[in-house]
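S.K.: Input file: protein21.cif. Contents: mmCIF, C-alpha atoms and all ligand atoms.
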```cif
data_work
loop_
_atom_site.label_atom_id
_atom_site.label_comp_id
_atom_site.auth_asym_id
_atom_site.auth_seq_id
_atom_site.Cartn_x
_atom_site.Cartn_y
_atom_site.Cartn_z
CA MET W 1 -38.61 62.80 3.18
CA GLY W 2 -39.86 61.46 6.52
CA PHE W 3 -37.22 60.94 9.16
CA SER W 4 -35.01 58.39 7.40
CA PRO W 5 -31.29 58.52 8.32
CA GLU W 6 -30.57 59.23 4.63
CA TRP W 7 -32.82 62.32 4.57
CA LEU W 8 -31.55 63.54 7.95
CA SER W 9 -27.96 63.25 6.74
CA LEU W 10 -28.75 65.06 3.46
CA ARG W 11 -30.24 68.00 5.33
CA GLU W 12 -27.69 68.21 8.16
CA PRO W 13 -25.03 70.29 6.31
CA VAL W 14 -27.72 72.72 5.14
CA ASP W 15 -29.16 72.87 8.67
CA ARG W 16 -25.66 73.54 9.97
CA GLN W 17 -25.16 76.47 7.58
CA ALA W 18 -28.61 77.86 8.39
CA ARG W 19 -28.39 77.78 12.20
CA ASP W 20 -27.90 81.21 13.73
CA ALA W 21 -24.37 81.30 15.20
CA ASP W 22 -25.18 83.98 17.77
CA LEU W 23 -28.24 82.14 19.11
CA LEU W 24 -26.23 78.92 19.27
CA ALA W 25 -23.52 80.73 21.27
CA GLN W 26 -26.18 82.09 23.65
CA ALA W 27 -27.63 78.59 24.03
CA VAL W 28 -24.16 77.23 24.87
CA LYS W 29 -23.81 79.95 27.51
CA ALA W 30 -27.27 79.18 28.89
CA ALA W 31 -26.27 75.52 29.32
CA GLY W 32 -23.81 76.71 32.00
CA PRO W 33 -20.34 75.54 33.05
CA ASP W 34 -21.47 71.93 33.65
CA PRO W 35 -23.86 71.36 30.73
CA VAL W 36 -26.43 68.58 30.84
CA ILE W 37 -28.52 68.96 27.69
CA LEU W 38 -31.73 67.14 26.83
CA ASP W 39 -32.43 67.03 23.08
CA LEU W 40 -36.05 66.32 22.07
CA GLY W 41 -36.67 64.44 18.80
CA CYS W 42 -32.91 64.03 18.38
CA GLY W 43 -32.96 61.86 15.24
CA THR W 44 -29.38 60.72 14.66
CA GLY W 45 -27.99 63.48 16.92
CA SER W 46 -27.60 66.53 14.70
CA THR W 47 -28.05 69.00 17.57
CA LEU W 48 -25.27 67.33 19.54
CA ARG W 49 -23.04 67.56 16.47
CA ALA W 50 -23.95 71.25 15.99
CA PHE W 51 -22.84 71.98 19.58
CA ALA W 52 -19.60 70.00 19.19
CA GLY W 53 -16.53 72.13 19.84
CA HIS W 54 -18.59 74.73 21.71
CA LEU W 55 -19.08 72.82 24.98
CA PRO W 56 -16.61 71.64 27.64
CA ASP W 57 -15.47 68.00 27.28
CA HIS W 58 -17.45 66.93 30.35
CA ALA W 59 -20.80 68.06 28.84
CA ARG W 60 -23.46 65.31 28.97
CA TRP W 61 -26.43 64.76 26.68
CA HIS W 62 -29.75 62.99 27.01
CA LEU W 63 -31.06 62.19 23.53
CA VAL W 64 -34.80 61.47 23.22
CA ASP W 65 -36.65 60.07 20.22
CA ASN W 66 -39.43 57.55 19.62
CA ASP W 67 -37.47 55.90 16.78
CA PRO W 68 -35.08 53.28 18.17
CA ASP W 69 -33.24 52.92 14.85
CA LEU W 70 -32.31 56.62 14.80
CA LEU W 71 -31.29 56.45 18.45
CA GLN W 72 -29.08 53.46 17.68
CA ILE W 73 -27.09 55.71 15.30
CA ALA W 74 -27.05 58.60 17.79
CA LYS W 75 -25.76 56.31 20.55
CA ASN W 76 -22.34 56.07 18.86
CA LEU W 77 -21.69 59.78 19.47
CA GLY W 78 -20.51 59.26 23.05
CA ASN W 79 -21.13 61.61 25.99
CA CYS W 80 -24.82 60.75 25.72
CA ASP W 81 -27.59 58.58 27.10
CA THR W 82 -30.35 57.67 24.66
CA HIS W 83 -34.01 57.31 25.62
CA VAL W 84 -36.74 55.75 23.48
CA LEU W 85 -39.69 57.92 24.51
CA ASP W 86 -42.82 59.34 22.98
CA LEU W 87 -42.82 63.10 23.48
CA ALA W 88 -46.55 62.85 24.17
CA ASP W 89 -45.47 61.88 27.69
CA LEU W 90 -43.53 64.93 28.84
CA GLN W 91 -43.54 63.72 32.44
CA ALA W 92 -41.33 60.81 31.36
CA LEU W 93 -38.52 63.11 30.19
CA PRO W 94 -35.23 62.64 32.08
CA LEU W 95 -35.00 66.23 33.35
CA GLN W 96 -33.00 65.51 36.51
CA GLY W 97 -29.92 67.80 36.47
CA VAL W 98 -30.69 69.12 32.98
CA THR W 99 -29.39 72.68 32.37
CA LEU W 100 -30.82 73.22 28.84
CA VAL W 101 -33.47 71.57 26.66
CA THR W 102 -32.95 71.63 22.89
CA ALA W 103 -34.76 70.59 19.72
CA SER W 104 -34.15 70.88 16.01
CA ALA W 105 -36.68 70.58 13.20
CA LEU W 106 -39.26 69.43 15.72
CA LEU W 107 -41.62 72.21 16.81
CA ASP W 108 -43.50 72.33 13.48
CA LEU W 109 -44.59 68.70 14.07
CA MET W 110 -46.00 69.50 17.50
CA SER W 111 -49.35 70.97 18.56
CA ALA W 112 -50.11 74.18 20.44
CA ASP W 113 -51.26 72.13 23.45
CA TRP W 114 -47.98 70.21 23.47
CA VAL W 115 -45.99 73.47 23.37
CA ASP W 116 -48.07 74.86 26.26
CA SER W 117 -47.34 71.71 28.30
CA LEU W 118 -43.62 71.95 27.54
CA VAL W 119 -43.57 75.62 28.54
CA ALA W 120 -45.34 74.83 31.84
CA LEU W 121 -42.85 72.03 32.57
CA LEU W 122 -39.76 74.13 31.79
CA ALA W 123 -41.15 77.14 33.69
CA ASP W 124 -41.68 74.90 36.71
CA LYS W 125 -38.09 73.58 36.51
CA GLY W 126 -36.53 76.94 35.50
CA ILE W 127 -34.84 75.42 32.42
CA GLY W 128 -34.11 77.25 29.16
CA PHE W 129 -35.10 76.03 25.70
CA TYR W 130 -33.30 76.32 22.36
CA ALA W 131 -35.21 75.16 19.28
CA ALA W 132 -33.52 75.45 15.90
CA LEU W 133 -34.91 75.19 12.41
CA SER W 134 -38.67 75.29 12.74
CA TYR W 135 -40.20 75.62 9.26
CA ASP W 136 -41.97 78.99 8.87
CA GLY W 137 -44.05 78.53 5.70
CA VAL W 138 -41.79 80.36 3.23
CA MET W 139 -40.59 78.53 0.10
CA GLN W 140 -38.98 80.44 -2.76
CA TRP W 141 -37.13 79.40 -5.88
CA ASP W 142 -34.99 81.34 -8.31
CA PRO W 143 -35.94 81.04 -11.09
CA ALA W 144 -39.59 80.88 -10.01
CA LEU W 145 -42.32 78.77 -11.63
CA PRO W 146 -46.04 79.66 -11.77
CA ARG W 147 -46.96 76.57 -9.71
CA ASP W 148 -44.52 77.29 -6.85
CA HIS W 149 -47.16 79.33 -5.03
CA PRO W 150 -50.11 76.89 -5.11
CA VAL W 151 -47.78 74.00 -4.26
CA THR W 152 -46.43 75.97 -1.28
CA GLU W 153 -49.97 76.78 -0.10
CA ALA W 154 -50.98 73.12 -0.26
CA PHE W 155 -47.75 71.97 1.39
CA ASN W 156 -48.29 74.42 4.26
CA GLN W 157 -51.81 73.11 4.72
CA HIS W 158 -50.42 69.55 4.87
CA GLN W 159 -47.88 70.65 7.47
CA ARG W 160 -50.77 71.36 9.85
CA ASN W 161 -52.01 67.76 9.80
CA ASP W 162 -51.90 65.81 13.05
CA LYS W 163 -48.50 64.10 13.43
CA GLY W 164 -49.64 62.21 16.52
CA LEU W 165 -49.87 64.98 19.11
CA GLY W 166 -52.86 66.97 17.85
CA PRO W 167 -53.05 69.42 14.91
CA ALA W 168 -49.43 70.30 14.06
CA LEU W 169 -48.34 73.93 14.30
CA GLY W 170 -46.58 73.70 10.94
CA PRO W 171 -45.53 77.18 9.74
CA ASP W 172 -46.79 78.82 12.98
CA ALA W 173 -44.52 76.78 15.25
CA ALA W 174 -41.88 79.38 16.13
CA THR W 175 -44.40 82.22 16.57
CA VAL W 176 -46.68 80.15 18.80
CA ALA W 177 -43.76 78.85 20.88
CA MET W 178 -42.26 82.34 21.28
CA ASP W 179 -45.62 83.71 22.48
CA ALA W 180 -46.12 80.82 24.90
CA PHE W 181 -42.65 81.17 26.44
CA ALA W 182 -42.97 84.98 26.64
CA ARG W 183 -46.36 84.64 28.43
CA ALA W 184 -44.64 82.39 30.99
CA GLY W 185 -42.06 85.11 31.68
CA PHE W 186 -39.19 83.71 29.61
CA THR W 187 -36.90 86.07 27.71
CA VAL W 188 -37.27 85.04 24.08
CA THR W 189 -34.95 85.76 21.18
CA HIS W 190 -35.14 84.44 17.65
CA ALA W 191 -33.43 84.52 14.28
CA SER W 192 -34.52 83.81 10.75
CA THR W 193 -32.49 80.82 9.52
CA PRO W 194 -33.56 79.84 6.00
CA TRP W 195 -32.15 76.84 4.20
CA ARG W 196 -30.18 78.01 1.18
CA ILE W 197 -30.16 75.06 -1.20
CA ASP W 198 -27.86 75.74 -4.11
CA ALA W 199 -25.97 73.69 -6.69
CA ASP W 200 -23.86 72.12 -3.91
CA HIS W 201 -26.96 70.39 -2.55
CA THR W 202 -28.82 69.10 -5.59
CA ASP W 203 -29.42 65.64 -4.06
CA MET W 204 -31.19 67.25 -1.13
CA HIS W 205 -33.03 69.64 -3.46
CA ARG W 206 -34.42 66.76 -5.54
CA GLU W 207 -35.44 64.75 -2.47
CA LEU W 208 -37.05 67.83 -0.95
CA VAL W 209 -39.04 68.58 -4.11
CA GLN W 210 -40.35 64.98 -4.19
CA GLY W 211 -41.47 65.27 -0.57
CA ILE W 212 -43.09 68.66 -1.10
CA ALA W 213 -44.94 67.42 -4.21
CA GLN W 214 -46.24 64.34 -2.41
CA ALA W 215 -47.49 66.35 0.57
CA ALA W 216 -49.01 69.05 -1.67
CA SER W 217 -50.78 66.38 -3.72
CA GLU W 218 -52.18 64.77 -0.55
CA ALA W 219 -53.47 68.24 0.41
CA GLY W 220 -55.30 68.54 -2.92
CA ALA W 221 -52.90 70.47 -5.18
CA SER W 222 -53.06 69.56 -8.86
CA MET W 223 -50.25 68.97 -11.35
CA THR W 224 -47.73 68.34 -8.57
CA GLU W 225 -46.01 65.59 -10.58
CA ASP W 226 -45.41 68.00 -13.47
CA TRP W 227 -44.17 70.63 -11.04
CA ALA W 228 -41.81 68.15 -9.35
CA ARG W 229 -40.46 66.85 -12.68
CA THR W 230 -39.68 70.40 -13.84
CA ARG W 231 -38.18 71.46 -10.51
CA ILE W 232 -36.03 68.33 -10.29
CA GLY W 233 -34.77 68.93 -13.83
CA MET W 234 -33.80 72.48 -12.84
CA ALA W 235 -32.28 71.59 -9.46
CA SER W 236 -28.65 72.08 -10.43
CA ASP W 237 -29.40 75.50 -11.95
CA SER W 238 -31.73 76.98 -9.35
CA LEU W 239 -31.60 78.34 -5.83
CA CYS W 240 -34.17 77.26 -3.25
CA LEU W 241 -34.82 79.10 0.02
CA ILE W 242 -36.89 77.37 2.70
CA GLY W 243 -37.74 79.60 5.67
CA HIS W 244 -36.90 78.49 9.21
CA GLN W 245 -36.71 80.11 12.62
CA ASP W 246 -34.39 79.46 15.57
CA ILE W 247 -35.59 80.45 19.01
CA LEU W 248 -34.01 80.68 22.47
CA ALA W 249 -36.19 81.07 25.57
CA LEU W 250 -34.52 81.72 28.92
CA PRO W 251 -36.42 81.41 32.21
CA PRO W 252 -36.90 84.46 34.47
CA THR W 253 -34.40 83.26 37.06
CA HIS W 254 -31.64 82.76 34.47
CA SER W 255 -28.60 85.00 35.15
C1 LIG W 301 -37.38 66.26 11.33
S1 LIG W 301 -36.70 65.06 12.41
C2 LIG W 301 -35.40 66.03 13.18
C3 LIG W 301 -34.33 65.14 13.77
C4 LIG W 301 -33.16 65.91 14.37
N1 LIG W 301 -33.58 66.76 15.48
C5 LIG W 301 -32.48 66.73 13.31
O1 LIG W 301 -32.54 67.96 13.34
O2 LIG W 301 -31.86 66.12 12.41
C6 LIG W 301 -37.92 64.95 13.72
C7 LIG W 301 -37.54 63.94 14.78
O3 LIG W 301 -38.54 63.95 15.79
C8 LIG W 301 -38.84 62.61 16.15
N2 LIG W 301 -40.22 62.59 16.66
C9 LIG W 301 -41.34 62.97 16.00
N3 LIG W 301 -42.42 62.79 16.78
C10 LIG W 301 -41.97 62.29 17.95
C11 LIG W 301 -42.61 61.89 19.16
N4 LIG W 301 -43.94 61.97 19.32
N5 LIG W 301 -41.84 61.42 20.17
C12 LIG W 301 -40.50 61.33 20.03
N6 LIG W 301 -39.84 61.70 18.91
C13 LIG W 301 -40.57 62.17 17.88
C14 LIG W 301 -38.66 61.82 14.86
O4 LIG W 301 -38.46 60.44 15.09
C15 LIG W 301 -37.45 62.51 14.26
O5 LIG W 301 -36.24 61.93 14.68
#
```
Before anything else, please render the file you have as structure tokens.

M.R.:
Amino acid sequence: MGFSPEWLSLREPVDRQARDADLLAQAVKAAGPDPVILDLGCGTGSTLRAFAGHLPDHARWHLVDNDPDLLQIAKNLGNCDTHVLDLADLQALPLQGVTLVTASALLDLMSADWVDSLVALLADKGIGFYAALSYDGVMQWDPALPRDHPVTEAFNQHQRNDKGLGPALGPDAATVAMDAFARAGFTVTHASTPWRIDADHTDMHRELVQGIAQAASEAGASMTEDWARTRIGMASDSLCLIGHQDILALPPTHS
């Protein structure tokens, strides 16, 4: 799966359906009448596209990623400045004038220390944070297979591997982030936003199963190739739910 433009574009319609509409509306409101939004780990700009039509025309975006090729695609969206930055260096973020910080499918890659640093930074600046689609560890298929459970366990273990910023939070990302923001006095709301991958999204389903099997195998699960072959063969006749969480954290001073 990785972060290829092809994978990001396969998942974007499913992400869009999964996002919680009420939390998105609250995030739009939190961005204020003159929105300047900083999106962390923007990829090709899916968060900007998810906000499209909800913001005034003069809204501005700062899009941050460490992958220049993805940013090159995002650049074409207009209304945005792109920044090739490693999120390890939070002090380098262009926060001047920013009214809301966003992220999508990012927190599960990050470490608890990184989240604590982000919370401290946003608390200091009094800026709210909206993070959509953090994986929460739940994977379910209908019909189920006996190996779904051990594969899921191994995949979740793999999700906790270091992705460059310390041990990744993986399935704990939303819970840990919500606790950290709440401790800093933010008002935190969240919604469960599972992917619902049905017969309309079989290409994504097959790609996802390949990625899960590879990660589970690297984490020590056995028979992942057999599992993947069976799952891929059933993709057009099965429903897959992958658990995610959206969170919104608003600073104490926010009206
Ligand atoms: C799963 S993708 C999500 C992309 C986009 N937000 C979306 O929802 O389609 C994670 C993104 O985070 C970026 N990323 C991961 N680690 C990063 C880091 N240390 N610094 C900057 N960007 C990073 C990746 O390049 C990738 O674009």

S.K.: Using only C-alpha atoms and all ligand atoms, which of W:His58, W:His149, W:Lys29, W:Lys163 sits nearest ligand LIG 301 (chain W)?

M.R.: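 Smallest separation from ligand LIG 301 (chain W) among the options: W:Lys163.
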
S.K.: Choose the residue, out of W:Ala154, W:Cys240, W:Ala27, W:Leu133, that has the smallest atom-to-atom separation from ligand LIG 301 (chain W); count all atoms listed in the file.

M.R.: W:Leu133

S.K.: Counting all atoms listed in the file, which residues come within 10 Å of (-45.6, 64.8, -3.4), with the point read in the file's coordinates, and could you list them as a VMD selection string?

M.R.: chain W and resid 1 151 155 208 to 219 221 224 to 225 227 to 228

S.K.: Please, which residues have at least one atom within 6 Å of an atom of ligand LIG 301 (chain W), using all atoms listed in the file, listed as a PDB file with C-alpha atoms, in the frame of the given file?

M.R.:
```pdb
ATOM      1  CA  PHE W   3     -37.220  60.940   9.160  1.00  0.00           C
ATOM      2  CA  LEU W   8     -31.550  63.540   7.950  1.00  0.00           C
ATOM      3  CA  GLY W  41     -36.670  64.440  18.800  1.00  0.00           C
ATOM      4  CA  CYS W  42     -32.910  64.030  18.380  1.00  0.00           C
ATOM      5  CA  GLY W  43     -32.960  61.860  15.240  1.00  0.00           C
ATOM      6  CA  SER W  46     -27.600  66.530  14.700  1.00  0.00           C
ATOM      7  CA  ASP W  65     -36.650  60.070  20.220  1.00  0.00           C
ATOM      8  CA  ASN W  66     -39.430  57.550  19.620  1.00  0.00           C
ATOM      9  CA  ASP W  67     -37.470  55.900  16.780  1.00  0.00           C
ATOM     10  CA  LEU W  85     -39.690  57.920  24.510  1.00  0.00           C
ATOM     11  CA  ASP W  86     -42.820  59.340  22.980  1.00  0.00           C
ATOM     12  CA  LEU W  87     -42.820  63.100  23.480  1.00  0.00           C
ATOM     13  CA  ALA W  88     -46.550  62.850  24.170  1.00  0.00           C
ATOM     14  CA  ALA W 103     -34.760  70.590  19.720  1.00  0.00           C
ATOM     15  CA  SER W 104     -34.150  70.880  16.010  1.00  0.00           C
ATOM     16  CA  ALA W 105     -36.680  70.580  13.200  1.00  0.00           C
ATOM     17  CA  LEU W 106     -39.260  69.430  15.720  1.00  0.00           C
TER      18      LEU W 106
END
```

S.K.: For the atom pair atom CA of Asp172 of chain W and atom CA of Asp136 of chain W, what is the interatomic distance in Å to one decimal place?

M.R.: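 Rounded to one decimal, the two atoms are 6.3 Å apart.
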
S.K.: Can you work out which one of W:Asp69, W:Glu12, W:Asp57, W:Asp22 has the shortest atom-to-atom distance to Asp34 of chain W, counting only C-alpha atoms?

M.R.: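 Comparing W:Asp69, W:Glu12, W:Asp57, W:Asp22 against Asp34 of chain W, the winner is W:Asp57.
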
S.K.: Place a sphere of radius 7 Å on (-27.3, 70.8, 11.7) in the file coordinates and name every protein, DNA or RNA residue with an atom inside or on its surface, counting only C-alpha atoms; give the answer as a PyMOL selection string.

M.R.: chain W and resi 12-16+46-47+50

S.K.: From the list W:Val188, W:Ala144, W:Val101, W:Leu63, which residue is nearest His83 of chain W when using all atoms listed in the file?

M.R.: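 For His83 of chain W, the nearest of the given residues is W:Leu63.
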
S.K.: Using all atoms listed in the file, find the one residue out of W:Glu6, W:Asp162, W:Asp237, W:Asp39 that sits nearest to Thr99 of chain W.

M.R.: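 That would be W:Asp39, the residue with the smallest distance to Thr99 of chain W.
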
S.K.: Restricting the calculation to all atoms listed in the file: of W:Asp81, W:Asp142, W:Glu207, W:Asp116, which residue gets closest to Ala173 of chain W?

M.R.: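 Between W:Asp81, W:Asp142, W:Glu207, W:Asp116, the residue approaching Ala173 of chain W most closely is W:Asp116.
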
S.K.: Working from the structure I just supplied, which lacks atoms in segment 103-114 of chain W, can you model all heavy atoms there and output them as a PDB file, in the coordinates of the input?

M.R.:
```pdb
ATOM      1  N   ALA W 103     -34.037  71.325  20.768  1.00  0.00           N
ATOM      2  CA  ALA W 103     -34.760  70.590  19.720  1.00  0.00           C
ATOM      3  C   ALA W 103     -34.321  71.168  18.386  1.00  0.00           C
ATOM      4  O   ALA W 103     -33.832  72.301  18.321  1.00  0.00           O
ATOM      5  CB  ALA W 103     -36.270  70.743  19.888  1.00  0.00           C
ATOM      6  N   SER W 104     -34.488  70.399  17.348  1.00  0.00           N
ATOM      7  CA  SER W 104     -34.150  70.880  16.010  1.00  0.00           C
ATOM      8  C   SER W 104     -35.128  70.249  15.026  1.00  0.00           C
ATOM      9  O   SER W 104     -35.338  69.027  15.066  1.00  0.00           O
ATOM     10  CB  SER W 104     -32.713  70.454  15.696  1.00  0.00           C
ATOM     11  OG  SER W 104     -32.449  70.619  14.328  1.00  0.00           O
ATOM     12  N   ALA W 105     -35.726  71.079  14.195  1.00  0.00           N
ATOM     13  CA  ALA W 105     -36.680  70.580  13.200  1.00  0.00           C
ATOM     14  C   ALA W 105     -37.773  69.745  13.851  1.00  0.00           C
ATOM     15  O   ALA W 105     -38.139  68.682  13.360  1.00  0.00           O
ATOM     16  CB  ALA W 105     -35.954  69.762  12.129  1.00  0.00           C
ATOM     17  N   LEU W 106     -38.256  70.204  14.981  1.00  0.00           N
ATOM     18  CA  LEU W 106     -39.260  69.430  15.720  1.00  0.00           C
ATOM     19  C   LEU W 106     -40.554  70.212  15.969  1.00  0.00           C
ATOM     20  O   LEU W 106     -41.646  69.648  15.829  1.00  0.00           O
ATOM     21  CB  LEU W 106     -38.680  68.996  17.084  1.00  0.00           C
ATOM     22  CG  LEU W 106     -39.654  68.189  17.927  1.00  0.00           C
ATOM     23  CD1 LEU W 106     -39.677  66.726  17.477  1.00  0.00           C
ATOM     24  CD2 LEU W 106     -39.354  68.272  19.414  1.00  0.00           C
ATOM     25  N   LEU W 107     -40.438  71.494  16.325  1.00  0.00           N
ATOM     26  CA  LEU W 107     -41.620  72.210  16.810  1.00  0.00           C
ATOM     27  C   LEU W 107     -42.757  72.229  15.807  1.00  0.00           C
ATOM     28  O   LEU W 107     -43.928  72.212  16.180  1.00  0.00           O
ATOM     29  CB  LEU W 107     -41.259  73.662  17.174  1.00  0.00           C
ATOM     30  CG  LEU W 107     -40.448  73.879  18.454  1.00  0.00           C
ATOM     31  CD1 LEU W 107     -40.315  75.365  18.734  1.00  0.00           C
ATOM     32  CD2 LEU W 107     -41.090  73.163  19.630  1.00  0.00           C
ATOM     33  N   ASP W 108     -42.420  72.252  14.484  1.00  0.00           N
ATOM     34  CA  ASP W 108     -43.500  72.330  13.480  1.00  0.00           C
ATOM     35  C   ASP W 108     -44.342  71.058  13.432  1.00  0.00           C
ATOM     36  O   ASP W 108     -45.432  71.045  12.879  1.00  0.00           O
ATOM     37  CB  ASP W 108     -42.951  72.706  12.097  1.00  0.00           C
ATOM     38  CG  ASP W 108     -41.617  72.058  11.789  1.00  0.00           C
ATOM     39  OD1 ASP W 108     -41.551  70.822  11.865  1.00  0.00           O
ATOM     40  OD2 ASP W 108     -40.650  72.783  11.497  1.00  0.00           O
ATOM     41  N   LEU W 109     -43.828  69.959  14.022  1.00  0.00           N
ATOM     42  CA  LEU W 109     -44.590  68.700  14.070  1.00  0.00           C
ATOM     43  C   LEU W 109     -45.539  68.664  15.261  1.00  0.00           C
ATOM     44  O   LEU W 109     -46.411  67.807  15.348  1.00  0.00           O
ATOM     45  CB  LEU W 109     -43.636  67.498  14.210  1.00  0.00           C
ATOM     46  CG  LEU W 109     -42.519  67.354  13.191  1.00  0.00           C
ATOM     47  CD1 LEU W 109     -41.566  66.240  13.619  1.00  0.00           C
ATOM     48  CD2 LEU W 109     -43.109  67.048  11.832  1.00  0.00           C
ATOM     49  N   MET W 110     -45.312  69.563  16.210  1.00  0.00           N
ATOM     50  CA  MET W 110     -46.000  69.500  17.500  1.00  0.00           C
ATOM     51  C   MET W 110     -47.251  70.387  17.485  1.00  0.00           C
ATOM     52  O   MET W 110     -47.403  71.237  16.618  1.00  0.00           O
ATOM     53  CB  MET W 110     -45.031  69.967  18.600  1.00  0.00           C
ATOM     54  CG  MET W 110     -43.767  69.122  18.679  1.00  0.00           C
ATOM     55  SD  MET W 110     -44.165  67.479  19.321  1.00  0.00           S
ATOM     56  CE  MET W 110     -43.098  66.427  18.424  1.00  0.00           C
ATOM     57  N   SER W 111     -48.105  70.189  18.476  1.00  0.00           N
ATOM     58  CA  SER W 111     -49.350  70.970  18.560  1.00  0.00           C
ATOM     59  C   SER W 111     -49.182  72.127  19.544  1.00  0.00           C
ATOM     60  O   SER W 111     -48.244  72.138  20.358  1.00  0.00           O
ATOM     61  CB  SER W 111     -50.482  70.060  19.037  1.00  0.00           C
ATOM     62  OG  SER W 111     -50.199  69.626  20.363  1.00  0.00           O
ATOM     63  N   ALA W 112     -50.128  73.050  19.500  1.00  0.00           N
ATOM     64  CA  ALA W 112     -50.110  74.180  20.440  1.00  0.00           C
ATOM     65  C   ALA W 112     -50.244  73.685  21.874  1.00  0.00           C
ATOM     66  O   ALA W 112     -49.574  74.195  22.785  1.00  0.00           O
ATOM     67  CB  ALA W 112     -51.239  75.161  20.099  1.00  0.00           C
ATOM     68  N   ASP W 113     -51.094  72.657  22.089  1.00  0.00           N
ATOM     69  CA  ASP W 113     -51.260  72.130  23.450  1.00  0.00           C
ATOM     70  C   ASP W 113     -49.953  71.536  23.969  1.00  0.00           C
ATOM     71  O   ASP W 113     -49.596  71.682  25.138  1.00  0.00           O
ATOM     72  CB  ASP W 113     -52.349  71.037  23.472  1.00  0.00           C
ATOM     73  CG  ASP W 113     -53.742  71.638  23.372  1.00  0.00           C
ATOM     74  OD1 ASP W 113     -53.866  72.870  23.504  1.00  0.00           O
ATOM     75  OD2 ASP W 113     -54.699  70.866  23.149  1.00  0.00           O
ATOM     76  N   TRP W 114     -49.259  70.822  23.057  1.00  0.00           N
ATOM     77  CA  TRP W 114     -47.980  70.210  23.470  1.00  0.00           C
ATOM     78  C   TRP W 114     -46.981  71.302  23.860  1.00  0.00           C
ATOM     79  O   TRP W 114     -46.289  71.181  24.877  1.00  0.00           O
ATOM     80  CB  TRP W 114     -47.426  69.340  22.336  1.00  0.00           C
ATOM     81  CG  TRP W 114     -46.170  68.624  22.730  1.00  0.00           C
ATOM     82  CD1 TRP W 114     -46.069  67.417  23.352  1.00  0.00           C
ATOM     83  CD2 TRP W 114     -44.823  69.089  22.546  1.00  0.00           C
ATOM     84  NE1 TRP W 114     -44.737  67.100  23.564  1.00  0.00           N
ATOM     85  CE2 TRP W 114     -43.959  68.117  23.088  1.00  0.00           C
ATOM     86  CE3 TRP W 114     -44.264  70.232  21.983  1.00  0.00           C
ATOM     87  CZ2 TRP W 114     -42.560  68.244  23.073  1.00  0.00           C
ATOM     88  CZ3 TRP W 114     -42.879  70.384  21.971  1.00  0.00           C
ATOM     89  CH2 TRP W 114     -42.046  69.391  22.515  1.00  0.00           C
TER      90      TRP W 114
END
```
